[in-house]
>>> print(open('query-v3.txt').read())   # compact mmCIF, C-alpha atoms
# COMPACT_ATOMS: atom_id res chain seq x y z
CA MET A 1 3.96 -15.41 35.73
CA ARG A 2 7.40 -13.77 35.66
CA ALA A 3 8.07 -15.29 32.23
CA PHE A 4 4.75 -13.98 30.95
CA GLY A 5 5.55 -10.47 32.21
CA ALA A 6 8.95 -10.56 30.51
CA TRP A 7 7.25 -11.66 27.27
CA VAL A 8 4.79 -8.74 27.47
CA LEU A 9 7.65 -6.26 27.98
CA HIS A 10 9.50 -7.78 25.04
CA VAL A 11 6.45 -7.37 22.79
CA LEU A 12 6.00 -3.74 23.90
CA ARG A 13 9.64 -2.98 23.14
CA GLN A 14 9.21 -4.43 19.67
CA LEU A 15 6.03 -2.45 19.07
CA ARG A 16 7.40 0.89 20.15
CA GLY A 17 10.20 0.84 17.55
CA PRO A 18 13.53 2.69 17.89
CA ASP A 19 14.67 3.30 21.44
CA THR A 20 14.42 7.09 21.35
CA SER A 21 12.33 9.20 23.70
CA ASP A 22 9.98 10.60 21.04
CA SER A 23 9.33 7.27 19.36
CA VAL A 24 8.87 5.49 22.68
CA PHE A 25 6.35 8.02 23.93
CA GLU A 26 4.51 8.15 20.61
CA ALA A 27 4.27 4.37 20.30
CA THR A 28 3.28 4.02 23.95
CA ALA A 29 0.56 6.61 23.42
CA LEU A 30 -0.76 4.57 20.50
CA ILE A 31 -0.81 1.47 22.70
CA VAL A 32 -2.66 3.40 25.41
CA GLY A 33 -5.18 4.67 22.87
CA ALA A 34 -5.69 1.15 21.50
CA ALA A 35 -6.25 -0.17 25.03
CA PHE A 36 -8.93 2.44 25.69
CA PHE A 37 -10.53 1.63 22.33
CA VAL A 38 -10.87 -2.03 23.28
CA LEU A 39 -12.02 -1.18 26.79
CA GLY A 40 -14.56 1.34 25.48
CA PHE A 41 -16.06 -1.14 23.03
CA ALA A 42 -16.19 -3.87 25.68
CA VAL A 43 -18.16 -1.56 27.98
CA ALA A 44 -20.30 0.32 25.44
CA PHE A 45 -21.54 -2.50 23.21
CA PRO A 46 -23.28 -4.53 25.98
CA VAL A 47 -24.85 -1.30 27.28
CA PHE A 48 -26.03 -0.21 23.82
CA PHE A 49 -27.09 -3.67 22.60
CA GLY A 50 -30.73 -3.84 21.58
CA HIS A 51 -31.29 -0.06 21.73
CA GLU A 52 -31.59 2.75 19.24
CA LEU A 53 -29.68 5.64 20.74
CA ALA A 54 -29.88 9.40 20.31
CA ILE A 55 -26.77 11.37 19.44
CA SER A 56 -27.11 13.73 22.41
CA GLY A 57 -29.29 14.03 25.48
CA THR A 58 -29.99 11.69 28.39
CA GLY A 59 -28.80 8.15 27.72
CA SER A 60 -27.22 9.10 24.38
CA ILE A 61 -23.85 8.19 22.95
CA GLY A 62 -22.80 11.81 23.47
CA THR A 63 -23.45 11.59 27.20
CA PHE A 64 -21.69 8.21 27.37
CA ALA A 65 -18.68 9.58 25.48
CA SER A 66 -18.63 12.68 27.70
CA TYR A 67 -18.58 10.87 31.04
CA GLY A 68 -16.37 8.06 29.79
CA GLY A 69 -14.04 10.55 28.10
CA ALA A 70 -13.57 12.40 31.40
CA LEU A 71 -12.64 9.17 33.18
CA THR A 72 -10.37 8.16 30.29
CA ALA A 73 -8.61 11.54 30.45
CA VAL A 74 -7.84 11.11 34.16
CA LEU A 75 -6.60 7.54 33.73
CA ALA A 76 -4.47 8.33 30.68
CA PHE A 77 -2.99 11.41 32.34
CA THR A 78 -2.16 9.36 35.45
CA VAL A 79 -0.48 6.66 33.35
CA GLY A 80 1.51 9.32 31.51
CA ARG A 81 2.81 10.86 34.71
CA LEU A 82 3.77 7.44 36.04
CA VAL A 83 5.72 6.81 32.85
CA VAL A 84 7.66 10.07 33.15
CA ARG A 85 8.29 10.08 36.86
CA PRO A 86 10.76 7.16 37.11
CA GLN A 87 12.89 8.78 34.40
CA GLU A 88 13.76 11.62 36.73
CA ARG A 89 16.09 9.22 38.53
CA ARG A 90 18.03 8.30 35.40
CA ASP A 91 20.77 10.55 34.06
CA ASP A 92 20.42 9.38 30.45
CA ALA A 93 16.63 9.75 30.19
CA VAL A 94 14.44 12.54 28.98
CA ARG A 95 13.49 14.37 32.12
CA ASP A 96 10.10 15.61 33.16
CA GLY A 97 9.43 19.09 31.78
CA PHE A 98 8.33 20.15 35.25
CA SER A 99 11.38 18.76 37.00
CA VAL A 100 13.37 21.63 38.45
CA PRO A 101 16.03 21.49 41.18
CA GLY A 102 14.53 21.61 44.63
CA ASP A 103 10.91 21.49 43.52
CA ARG A 104 8.36 19.10 42.08
CA LEU A 105 4.70 18.87 41.20
CA ARG A 106 2.54 18.36 44.28
CA TRP A 107 -0.43 16.01 44.36
CA TYR A 108 -2.89 18.92 44.26
CA ASP A 109 -1.09 20.34 41.22
CA LEU A 110 -1.48 17.05 39.38
CA ALA A 111 -5.08 16.69 40.55
CA ALA A 112 -5.97 20.13 39.18
CA ILE A 113 -4.24 19.45 35.85
CA ALA A 114 -5.92 16.06 35.54
CA PHE A 115 -9.29 17.62 36.31
CA ALA A 116 -8.69 20.23 33.61
CA HIS A 117 -8.02 17.47 31.07
CA ALA A 118 -11.15 15.64 32.21
CA ALA A 119 -13.29 18.78 31.94
CA ILE A 120 -12.00 19.54 28.45
CA ALA A 121 -12.73 15.97 27.33
CA ALA A 122 -16.20 15.87 28.89
CA LEU A 123 -17.38 19.25 27.64
CA GLY A 124 -15.67 18.81 24.28
CA TRP A 125 -17.38 15.49 23.44
CA LEU A 126 -20.68 16.82 24.78
CA GLY A 127 -20.43 19.86 22.51
CA ILE A 128 -19.52 17.73 19.48
CA ALA A 129 -22.51 15.46 20.17
CA GLN A 130 -24.87 18.44 20.36
CA LEU A 131 -23.49 19.79 17.09
CA LEU A 132 -24.00 16.42 15.39
CA GLU A 133 -27.51 16.18 16.83
CA ARG A 134 -28.41 19.45 15.12
CA SER A 135 -26.79 18.26 11.89
CA PHE A 136 -28.57 14.86 11.86
CA ILE A 137 -31.97 15.77 13.30
CA GLY A 138 -33.90 12.70 14.46
CA ALA A 139 -31.25 10.21 13.25
CA PRO A 140 -30.98 7.08 15.45
CA VAL A 141 -27.68 5.35 16.25
CA PHE A 142 -27.54 1.56 16.44
CA ALA A 143 -25.58 -0.39 19.01
CA PHE A 144 -22.54 -1.48 16.97
CA PRO A 145 -21.70 1.86 15.24
CA GLY A 146 -22.51 3.68 18.47
CA ALA A 147 -20.04 1.52 20.40
CA ILE A 148 -17.40 2.09 17.71
CA LEU A 149 -17.89 5.88 17.87
CA VAL A 150 -17.62 5.91 21.65
CA SER A 151 -14.52 3.69 21.50
CA VAL A 152 -12.87 6.08 19.04
CA ALA A 153 -13.65 8.98 21.40
CA PHE A 154 -12.05 7.09 24.29
CA ALA A 155 -9.01 6.14 22.20
CA LEU A 156 -8.44 9.70 20.97
CA THR A 157 -8.87 11.10 24.48
CA GLY A 158 -6.45 8.59 25.97
CA TYR A 159 -3.89 9.19 23.22
CA VAL A 160 -3.94 13.00 23.58
CA CYS A 161 -4.00 13.06 27.39
CA PHE A 162 -1.15 10.55 27.65
CA LEU A 163 1.03 12.63 25.35
CA SER A 164 0.06 15.78 27.25
CA ALA A 165 1.14 14.14 30.51
CA VAL A 166 4.53 12.88 29.31
CA ALA A 167 5.35 16.14 27.50
CA LEU A 168 4.05 18.40 30.26
CA THR A 169 5.90 21.72 30.43
CA PRO A 170 4.81 25.22 31.49
CA MET A 171 4.34 26.13 27.83
CA VAL A 172 2.15 23.08 27.14
CA LEU A 173 0.20 23.64 30.33
CA SER A 174 -0.46 27.25 29.32
CA LEU A 175 -2.34 25.92 26.27
CA VAL A 176 -4.28 23.51 28.49
CA LEU A 177 -5.14 26.42 30.77
CA ALA A 178 -6.40 28.50 27.83
CA VAL A 179 -8.59 25.71 26.47
CA PHE A 180 -9.90 24.88 29.94
CA LEU A 181 -10.88 28.48 30.66
CA VAL A 182 -12.68 28.86 27.33
CA VAL A 183 -14.52 25.54 27.64
CA GLY A 184 -15.45 26.12 31.28
CA ALA A 185 -16.67 29.68 30.70
CA PHE A 186 -18.83 28.74 27.72
CA ALA A 187 -20.25 25.74 29.58
CA ALA A 188 -21.26 28.00 32.47
CA MET A 189 -22.86 30.52 30.12
CA LEU A 190 -24.84 27.85 28.29
CA ALA A 191 -25.93 26.18 31.53
CA SER A 192 -27.01 29.43 33.20
CA SER A 193 -30.59 29.37 34.51
CA ASP A 194 -30.75 33.17 34.30
CA PRO A 195 -30.81 34.33 30.65
CA ASP A 196 -30.22 37.92 31.76
CA TRP A 197 -27.16 37.22 33.90
CA TRP A 198 -25.07 39.50 31.70
CA ARG A 199 -27.11 42.54 32.80
CA ASP A 200 -25.54 42.30 36.28
CA ASN A 201 -21.91 41.15 36.08
CA LEU A 202 -19.77 38.18 35.14
CA SER A 203 -19.82 36.92 38.72
CA ALA A 204 -23.57 36.39 38.41
CA LEU A 205 -22.73 33.05 36.80
CA GLY A 206 -21.28 31.93 40.13
CA MET A 207 -24.25 32.91 42.30
CA SER A 208 -25.72 30.07 44.35
CA THR A 209 -29.14 30.69 42.75
CA ASN A 210 -27.74 30.03 39.28
CA HIS A 211 -27.61 26.46 37.95
CA ALA A 212 -24.26 27.26 36.34
CA SER A 213 -22.62 28.18 39.65
CA VAL A 214 -20.82 24.87 40.13
CA ALA A 215 -19.33 24.88 36.62
CA PHE A 216 -18.29 28.53 36.86
CA ASN A 217 -16.83 28.43 40.37
CA VAL A 218 -15.01 25.12 39.90
CA THR A 219 -13.50 26.45 36.66
CA LEU A 220 -12.11 29.46 38.54
CA VAL A 221 -10.74 27.38 41.41
CA ILE A 222 -9.00 24.85 39.16
CA ALA A 223 -7.68 27.63 36.90
CA GLY A 224 -6.29 29.43 39.96
CA ILE A 225 -4.44 26.30 41.09
CA MET A 226 -3.06 25.83 37.57
CA VAL A 227 -1.84 29.45 37.44
CA THR A 228 0.02 29.05 40.73
CA THR A 229 1.50 25.77 39.51
CA ILE A 230 2.71 27.15 36.21
CA SER A 231 4.05 30.32 37.82
CA ARG A 232 6.41 28.47 40.12
CA TYR A 233 8.00 26.53 37.30
CA ALA A 234 7.83 29.02 34.43
CA THR A 235 9.91 31.54 36.37
CA ALA A 236 12.40 29.00 37.72
CA GLY A 237 14.56 29.04 34.59
CA LEU A 238 14.66 32.80 34.09
CA PRO A 239 18.25 34.08 34.09
CA VAL A 240 19.42 35.95 37.20
CA ASP A 241 22.87 37.53 37.19
CA ASP A 242 22.83 39.17 40.60
CA GLU A 243 20.84 39.51 43.80
CA LYS A 244 18.66 42.30 42.38
CA ALA A 245 17.58 40.12 39.46
CA ARG A 246 16.90 37.24 41.85
CA ARG A 247 14.64 39.48 43.96
CA GLY A 248 12.87 40.68 40.82
CA ARG A 249 12.19 37.10 39.75
CA PHE A 250 10.88 36.37 43.23
CA VAL A 251 8.52 39.37 43.04
CA VAL A 252 7.14 38.33 39.65
CA ARG A 253 6.69 34.74 40.77
CA GLY A 254 4.97 35.89 43.96
CA GLY A 255 2.70 38.23 42.01
CA LEU A 256 1.61 35.49 39.61
CA ILE A 257 1.04 33.05 42.46
CA LEU A 258 -0.99 35.70 44.29
CA MET A 259 -3.08 36.24 41.16
CA GLY A 260 -3.77 32.50 41.02
CA ILE A 261 -4.79 32.47 44.68
CA PHE A 262 -7.09 35.46 44.16
CA LEU A 263 -8.62 33.79 41.10
CA ALA A 264 -9.36 30.64 43.09
CA CYS A 265 -10.87 32.76 45.87
CA VAL A 266 -13.21 34.42 43.36
CA GLY A 267 -14.70 30.96 42.78
CA ILE A 268 -14.59 29.91 46.42
CA PHE A 269 -16.49 33.01 47.63
CA PRO A 270 -19.58 33.64 45.42
CA VAL A 271 -20.63 37.26 45.11
CA ASP A 272 -24.15 36.75 46.52
CA GLU A 273 -22.85 35.15 49.73
CA PHE A 274 -19.51 36.94 50.25
CA PHE A 275 -20.00 40.27 48.51
CA LEU A 276 -17.18 42.24 50.16
CA LEU A 277 -14.64 39.39 50.14
CA HIS A 278 -15.48 38.45 46.54
CA ASN A 279 -15.01 42.00 45.28
CA THR A 280 -11.82 42.42 47.33
CA VAL A 281 -10.06 39.40 45.82
CA ALA A 282 -11.31 40.24 42.32
CA THR A 283 -10.02 43.81 42.62
CA GLY A 284 -6.80 42.57 44.21
CA MET A 285 -6.12 40.34 41.22
CA ALA A 286 -6.41 43.32 38.86
CA VAL A 287 -4.14 45.45 41.08
CA VAL A 288 -1.46 42.75 41.32
CA PHE A 289 -1.64 42.30 37.55
CA ALA A 290 -1.05 46.02 36.99
CA VAL A 291 1.89 46.10 39.42
CA VAL A 292 3.58 43.08 37.81
CA VAL A 293 3.05 44.34 34.25
CA VAL A 294 4.19 47.92 34.89
CA GLY A 295 7.26 46.85 36.88
CA LEU A 296 8.23 43.95 34.62
CA PRO A 297 11.21 45.68 32.90
CA TRP A 298 12.75 46.40 36.32
CA PHE A 299 11.84 43.04 37.84
CA LEU A 300 12.99 40.94 34.85
CA PRO A 301 15.41 42.81 32.58
CA SER A 302 15.79 39.69 30.40
CA ILE A 303 12.17 39.82 29.24
CA PRO A 304 11.88 41.12 25.64
CA ARG A 305 10.87 44.78 25.44
CA VAL A 306 8.18 44.04 22.88
CA PHE A 307 6.41 41.90 25.47
CA VAL A 308 6.75 44.68 28.06
CA GLY A 309 5.05 47.11 25.67
CA PHE A 310 2.41 44.49 24.98
CA GLY A 311 1.59 44.36 28.71
CA TRP A 312 1.51 48.13 29.13
CA VAL A 313 -1.05 48.39 26.32
CA TYR A 314 -3.19 45.84 28.16
CA VAL A 315 -3.07 47.88 31.36
CA LEU A 316 -4.06 51.04 29.48
CA VAL A 317 -6.98 49.26 27.82
CA ILE A 318 -8.24 47.95 31.17
CA ALA A 319 -7.97 51.47 32.65
CA MET A 320 -9.93 52.82 29.69
CA LEU A 321 -12.61 50.18 30.22
CA GLY A 322 -12.89 51.25 33.85
CA ALA A 323 -13.40 54.85 32.72
CA PHE A 324 -16.12 53.76 30.27
CA PHE A 325 -17.88 51.90 33.07
CA ALA A 326 -17.65 54.95 35.36
CA ILE A 327 -19.43 57.16 32.82
CA GLY A 328 -22.04 54.48 32.09
CA TYR A 329 -20.91 53.67 28.54
CA TYR A 330 -20.17 49.98 29.33
CA ASN A 331 -21.91 47.76 31.83
CA LEU A 332 -19.88 45.83 34.41
CA THR A 333 -20.14 42.51 32.56
CA ALA A 334 -18.49 43.92 29.45
CA VAL A 335 -15.65 45.42 31.50
CA GLU A 336 -15.09 42.22 33.51
CA LEU A 337 -15.24 39.97 30.45
CA ILE A 338 -12.79 42.01 28.37
CA ALA A 339 -10.47 42.54 31.34
CA ALA A 340 -10.50 38.80 32.10
CA VAL A 341 -9.64 37.97 28.49
CA LEU A 342 -6.78 40.48 28.53
CA ILE A 343 -5.36 39.32 31.87
CA PHE A 344 -5.46 35.62 31.06
CA SER A 345 -4.10 36.09 27.56
CA TRP A 346 -1.20 38.09 29.07
CA ILE A 347 -0.53 35.33 31.63
CA ILE A 348 -0.51 32.67 28.92
CA VAL A 349 1.80 34.67 26.65
CA PHE A 350 4.07 35.50 29.59
CA LEU A 351 4.38 31.82 30.47
CA ARG A 352 5.35 31.01 26.91
CA THR A 353 7.74 33.97 26.77
CA ALA A 354 9.37 32.97 30.06
CA GLY A 355 9.70 29.40 28.79
CA SER A 356 11.56 30.63 25.72
CA VAL A 357 14.08 32.62 27.78
CA THR A 358 16.85 30.24 28.84
CA ALA A 359 19.37 30.92 31.53
CA PRO A 360 23.04 30.93 30.49
CA ARG A 361 24.82 27.69 31.37
>>> encode(input="query-v3.txt", output="structure tokens")
Amino acid sequence: MRAFGAWVLHVLRQLRGPDTSDSVFEATALIVGAAFFVLGFAVAFPVFFGHELAISGTGSIGTFASYGGALTAVLAFTVGRLVVRPQERRDDAVRDGFSVPGDRLRWYDLAAIAFAHAAIAALGWLGIAQLLERSFIGAPVFAFPGAILVSVAFALTGYVCFLSAVALTPMVLSLVLAVFLVVGAFAAMLASSDPDWWRDNLSALGMSTNHASVAFNVTLVIAGIMVTTISRYATAGLPVDDEKARRGRFVVRGGLILMGIFLACVGIFPVDEFFLLHNTVATGMAVVFAVVVVGLPWFLPSIPRVFVGFGWVYVLVIAMLGAFFAIGYYNLTAVELIAAVLIFSWIIVFLRTAGSVTAPR
């Protein structure tokens, strides 16, 4: 058995090519994708055999690819993190992008990130299947091509999620956060049992009487955890020359973490069951955002001034939206939706900006 294991490792080393970090990860990702392709075909073909399948809907290849893609995303992400983690103990290896002195990713951080990958895969393949269903109306799918299509979906999902896991940095995770928020929000809107939800407010999607409440609230909770995770690490490398700059970095990090906590609380406390608490945390997130943005040039002098001006414009726009709502020109949904887009886009750009600012050695 030991000889067989050594032979397998030898074959993998030959397959992955030159012993450089990029080539090793890329080749390993291809091997992971190929493994999920084989596994997907081995599972899908016996299930599909003897049936004519629909592209989307109950029992379709779209549904199979969606659920299986979510599971594949979690497994591939887990494998990727296991590949990276041992390298943190080697001086000559490429280190984890989230490895900072005195801190590390917690299990709930990884669980939230893995769930975000799974949600993107599930909703993405489901959306593609629905689009194809409308393009090929009434077209049946036979067992063999259906199994091949599902296997390709699994392989692509495993390949992308593995690479995302091994190359995980605050900047990469900010893109994952953006995609996850967009996919989760649109899924909740499409699944809403109340077609007139937009007449009330954005939080109506999370009401317990709405069929979309689980999708909407879970999206907010997971996104809140991801924001707190990214905030801790994205600000860790910001340059601090004195105690004042160190305090400023601490304030910005605390503000971003507090925004993530408030965002998660918005999903934890639906507006129809916890009206006062829900509105308090939602308002608190906007207030903390304004404080961080306005005080950013004093908190973090190293941040580019063009980004500071970018944030001040956002705050002014949100204030203008509030004035339009007060005079009845906009309804609350429009104000909340635009404000949410502005706040999250600022957070994502800030994380990328902070990641590009390197501390002097």
>>> closest_residue(input="query-v3.txt", among="A:Leu277, A:Ala204, A:Ala178, A:Cys265", to="Ser192 (chain A)", atoms="all atoms listed in the file")
A:Ala204
>>> atom_distance(input="query-v3.txt", atom1="CA of Val292 (chain A)", atom2="CA of Val251 (chain A)")
8.1 Å
>>> residues_around(input="query-v3.txt", residues="Ala118 (chain A)", least_positions_apart="6", cutoff="12 Å", atoms="all atoms listed in the file", output="PDB file with C-alpha atoms, in the frame of the given file")
ATOM      1  CA  ALA A  65     -18.680   9.580  25.480  1.00  0.00           C
ATOM      2  CA  SER A  66     -18.630  12.680  27.700  1.00  0.00           C
ATOM      3  CA  TYR A  67     -18.580  10.870  31.040  1.00  0.00           C
ATOM      4  CA  GLY A  68     -16.370   8.060  29.790  1.00  0.00           C
ATOM      5  CA  GLY A  69     -14.040  10.550  28.100  1.00  0.00           C
ATOM      6  CA  ALA A  70     -13.570  12.400  31.400  1.00  0.00           C
ATOM      7  CA  LEU A  71     -12.640   9.170  33.180  1.00  0.00           C
ATOM      8  CA  THR A  72     -10.370   8.160  30.290  1.00  0.00           C
ATOM      9  CA  ALA A  73      -8.610  11.540  30.450  1.00  0.00           C
ATOM     10  CA  VAL A  74      -7.840  11.110  34.160  1.00  0.00           C
ATOM     11  CA  LEU A  75      -6.600   7.540  33.730  1.00  0.00           C
ATOM     12  CA  ALA A  76      -4.470   8.330  30.680  1.00  0.00           C
ATOM     13  CA  PHE A  77      -2.990  11.410  32.340  1.00  0.00           C
ATOM     14  CA  THR A  78      -2.160   9.360  35.450  1.00  0.00           C
ATOM     15  CA  ALA A 111      -5.080  16.690  40.550  1.00  0.00           C
ATOM     16  CA  ALA A 112      -5.970  20.130  39.180  1.00  0.00           C
ATOM     17  CA  GLY A 124     -15.670  18.810  24.280  1.00  0.00           C
ATOM     18  CA  TRP A 125     -17.380  15.490  23.440  1.00  0.00           C
ATOM     19  CA  PHE A 154     -12.050   7.090  24.290  1.00  0.00           C
ATOM     20  CA  THR A 157      -8.870  11.100  24.480  1.00  0.00           C
ATOM     21  CA  GLY A 158      -6.450   8.590  25.970  1.00  0.00           C
ATOM     22  CA  VAL A 160      -3.940  13.000  23.580  1.00  0.00           C
ATOM     23  CA  CYS A 161      -4.000  13.060  27.390  1.00  0.00           C
ATOM     24  CA  VAL A 176      -4.280  23.510  28.490  1.00  0.00           C
ATOM     25  CA  VAL A 179      -8.590  25.710  26.470  1.00  0.00           C
ATOM     26  CA  PHE A 180      -9.900  24.880  29.940  1.00  0.00           C
ATOM     27  CA  VAL A 183     -14.520  25.540  27.640  1.00  0.00           C
ATOM     28  CA  GLY A 184     -15.450  26.120  31.280  1.00  0.00           C
ATOM     29  CA  THR A 219     -13.500  26.450  36.660  1.00  0.00           C
ATOM     30  CA  ILE A 222      -9.000  24.850  39.160  1.00  0.00           C
TER      31      ILE A 222
END
>>> closest_residue(input="query-v3.txt", among="A:Val218, A:Ile303, A:Met171, A:Ala35", to="Leu156 (chain A)", atoms="only C-alpha atoms")
A:Ala35
>>> atom_distance(input="query-v3.txt", atom1="CA of Phe289 (chain A)", atom2="CA of Ala167 (chain A)")
28.9 Å
>>> atom_distance(input="query-v3.txt", atom1="CA of Met207 (chain A)", atom2="CA of Val271 (chain A)")
6.3 Å
>>> closest_residue(input="query-v3.txt", among="A:Thr28, A:Thr229, A:Ser302, A:Thr280", to="Gly248 (chain A)", atoms="all atoms listed in the file")
A:Ser302
>>> residues_around(input="query-v3.txt", residues="Ala143 (chain A)", least_positions_apart="5", cutoff="8 Å", atoms="only C-alpha atoms", output="list in words")
Phe45, Phe48, Phe49, Gly50, His51, Glu52 and Leu53 of chain A
>>> closest_atom_pairs(input="query-v3.txt", of="region 299-328 of chain A", to="region 350-353 of chain A", cutoff="10 Å", atoms="all atoms listed in the file", output="tab-separated table")
residue	atom	partner	partner_atom	distance
A:Ile303	CA	A:Thr353	CA	7.7
A:Pro304	CA	A:Thr353	CA	8.3
A:Phe307	CA	A:Phe350	CA	8.0
A:Val308	CA	A:Phe350	CA	9.7
A:Gly311	CA	A:Phe350	CA	9.2
>>> residues_around(input="query-v3.txt", residues="Leu342 (chain A)", least_positions_apart="3", cutoff="9 Å", atoms="all atoms listed in the file", output="list in words")
Tyr314, Val315, Val317, Ile318, Leu337, Ile338, Ala339, Ser345, Trp346 and Ile347 of chain A
>>> closest_residue(input="query-v3.txt", among="A:Gly295, A:Gly322, A:Pro195, A:Pro170", to="Ile348 (chain A)", atoms="all atoms listed in the file")
A:Pro170
>>> residues_near_point(input="query-v3.txt", point="(15.0, 45.2, 38.0)", cutoff="7 Å", atoms="all atoms listed in the file", output="MDAnalysis selection string")
chainID A and resid 244:245 248 297:301
>>> residues_around(input="query-v3.txt", residues="Ser193 (chain A)", least_positions_apart="6", cutoff="9 Å", atoms="only C-alpha atoms", output="VMD selection string")
chain A and resid 205 209 to 212
>>> write_last_selection(input="query-v3.txt", atoms="C-alpha atoms", output="PDB file, in the coordinates of the input")
ATOM      1  CA  LEU A 205     -22.730  33.050  36.800  1.00  0.00           C
ATOM      2  CA  THR A 209     -29.140  30.690  42.750  1.00  0.00           C
ATOM      3  CA  ASN A 210     -27.740  30.030  39.280  1.00  0.00           C
ATOM      4  CA  HIS A 211     -27.610  26.460  37.950  1.00  0.00           C
ATOM      5  CA  ALA A 212     -24.260  27.260  36.340  1.00  0.00           C
TER       6      ALA A 212
END
>>> closest_residue(input="query-v3.txt", among="A:Gly309, A:Gly62, A:Gly255, A:Gly224", to="Leu132 (chain A)", atoms="all atoms listed in the file")
A:Gly62
>>> residues_around(input="query-v3.txt", residues="Ala29 (chain A)", least_positions_apart="4", cutoff="8 Å", atoms="all atoms listed in the file", output="ChimeraX atom specification")
/A:25,33,158-160,162-163
>>> decode(input="query-v3.txt", residues="region 297-309 of chain A", atoms="N, CA, C and O atoms", output="short mmCIF file (atom, residue, chain, number, x, y, z; two decimals), in the first residue's frame")
data_model
loop_
_atom_site.label_atom_id
_atom_site.label_comp_id
_atom_site.auth_asym_id
_atom_site.auth_seq_id
_atom_site.Cartn_x
_atom_site.Cartn_y
_atom_site.Cartn_z
N PRO A 297 -9.65 60.14 5.43
CA PRO A 297 -8.33 60.79 5.24
C PRO A 297 -7.60 61.04 6.55
O PRO A 297 -6.37 61.16 6.55
N TRP A 298 -8.30 61.13 7.65
CA TRP A 298 -7.63 61.31 8.96
C TRP A 298 -7.30 59.96 9.59
O TRP A 298 -6.29 59.83 10.27
N PHE A 299 -8.16 58.96 9.35
CA PHE A 299 -7.89 57.64 9.90
C PHE A 299 -6.74 56.95 9.16
O PHE A 299 -5.86 56.34 9.79
N LEU A 300 -6.75 57.04 7.83
CA LEU A 300 -5.75 56.35 7.00
C LEU A 300 -5.16 57.35 6.00
O LEU A 300 -5.61 57.44 4.85
N PRO A 301 -4.14 58.08 6.40
CA PRO A 301 -3.54 59.06 5.48
C PRO A 301 -2.93 58.43 4.23
O PRO A 301 -2.73 59.12 3.23
N SER A 302 -2.63 57.13 4.25
CA SER A 302 -2.01 56.49 3.10
C SER A 302 -2.99 56.16 1.99
O SER A 302 -2.58 55.81 0.88
N ILE A 303 -4.29 56.26 2.27
CA ILE A 303 -5.29 55.95 1.25
C ILE A 303 -5.28 57.03 0.17
O ILE A 303 -5.23 58.23 0.50
N PRO A 304 -5.31 56.67 -1.11
CA PRO A 304 -5.29 57.68 -2.18
C PRO A 304 -6.44 58.68 -2.05
O PRO A 304 -7.57 58.30 -1.71
N ARG A 305 -6.14 59.95 -2.32
CA ARG A 305 -7.15 60.99 -2.18
C ARG A 305 -8.30 60.84 -3.18
O ARG A 305 -9.42 61.26 -2.91
N VAL A 306 -8.02 60.24 -4.33
CA VAL A 306 -9.09 60.05 -5.30
C VAL A 306 -10.14 59.09 -4.74
O VAL A 306 -11.34 59.26 -5.00
N PHE A 307 -9.70 58.10 -3.97
CA PHE A 307 -10.66 57.19 -3.36
C PHE A 307 -11.45 57.88 -2.26
O PHE A 307 -12.63 57.60 -2.06
N VAL A 308 -10.79 58.78 -1.52
CA VAL A 308 -11.49 59.54 -0.48
C VAL A 308 -12.62 60.37 -1.10
O VAL A 308 -13.76 60.38 -0.62
N GLY A 309 -12.30 61.07 -2.21
CA GLY A 309 -13.33 61.84 -2.89
C GLY A 309 -14.45 60.97 -3.43
O GLY A 309 -15.63 61.35 -3.40
#
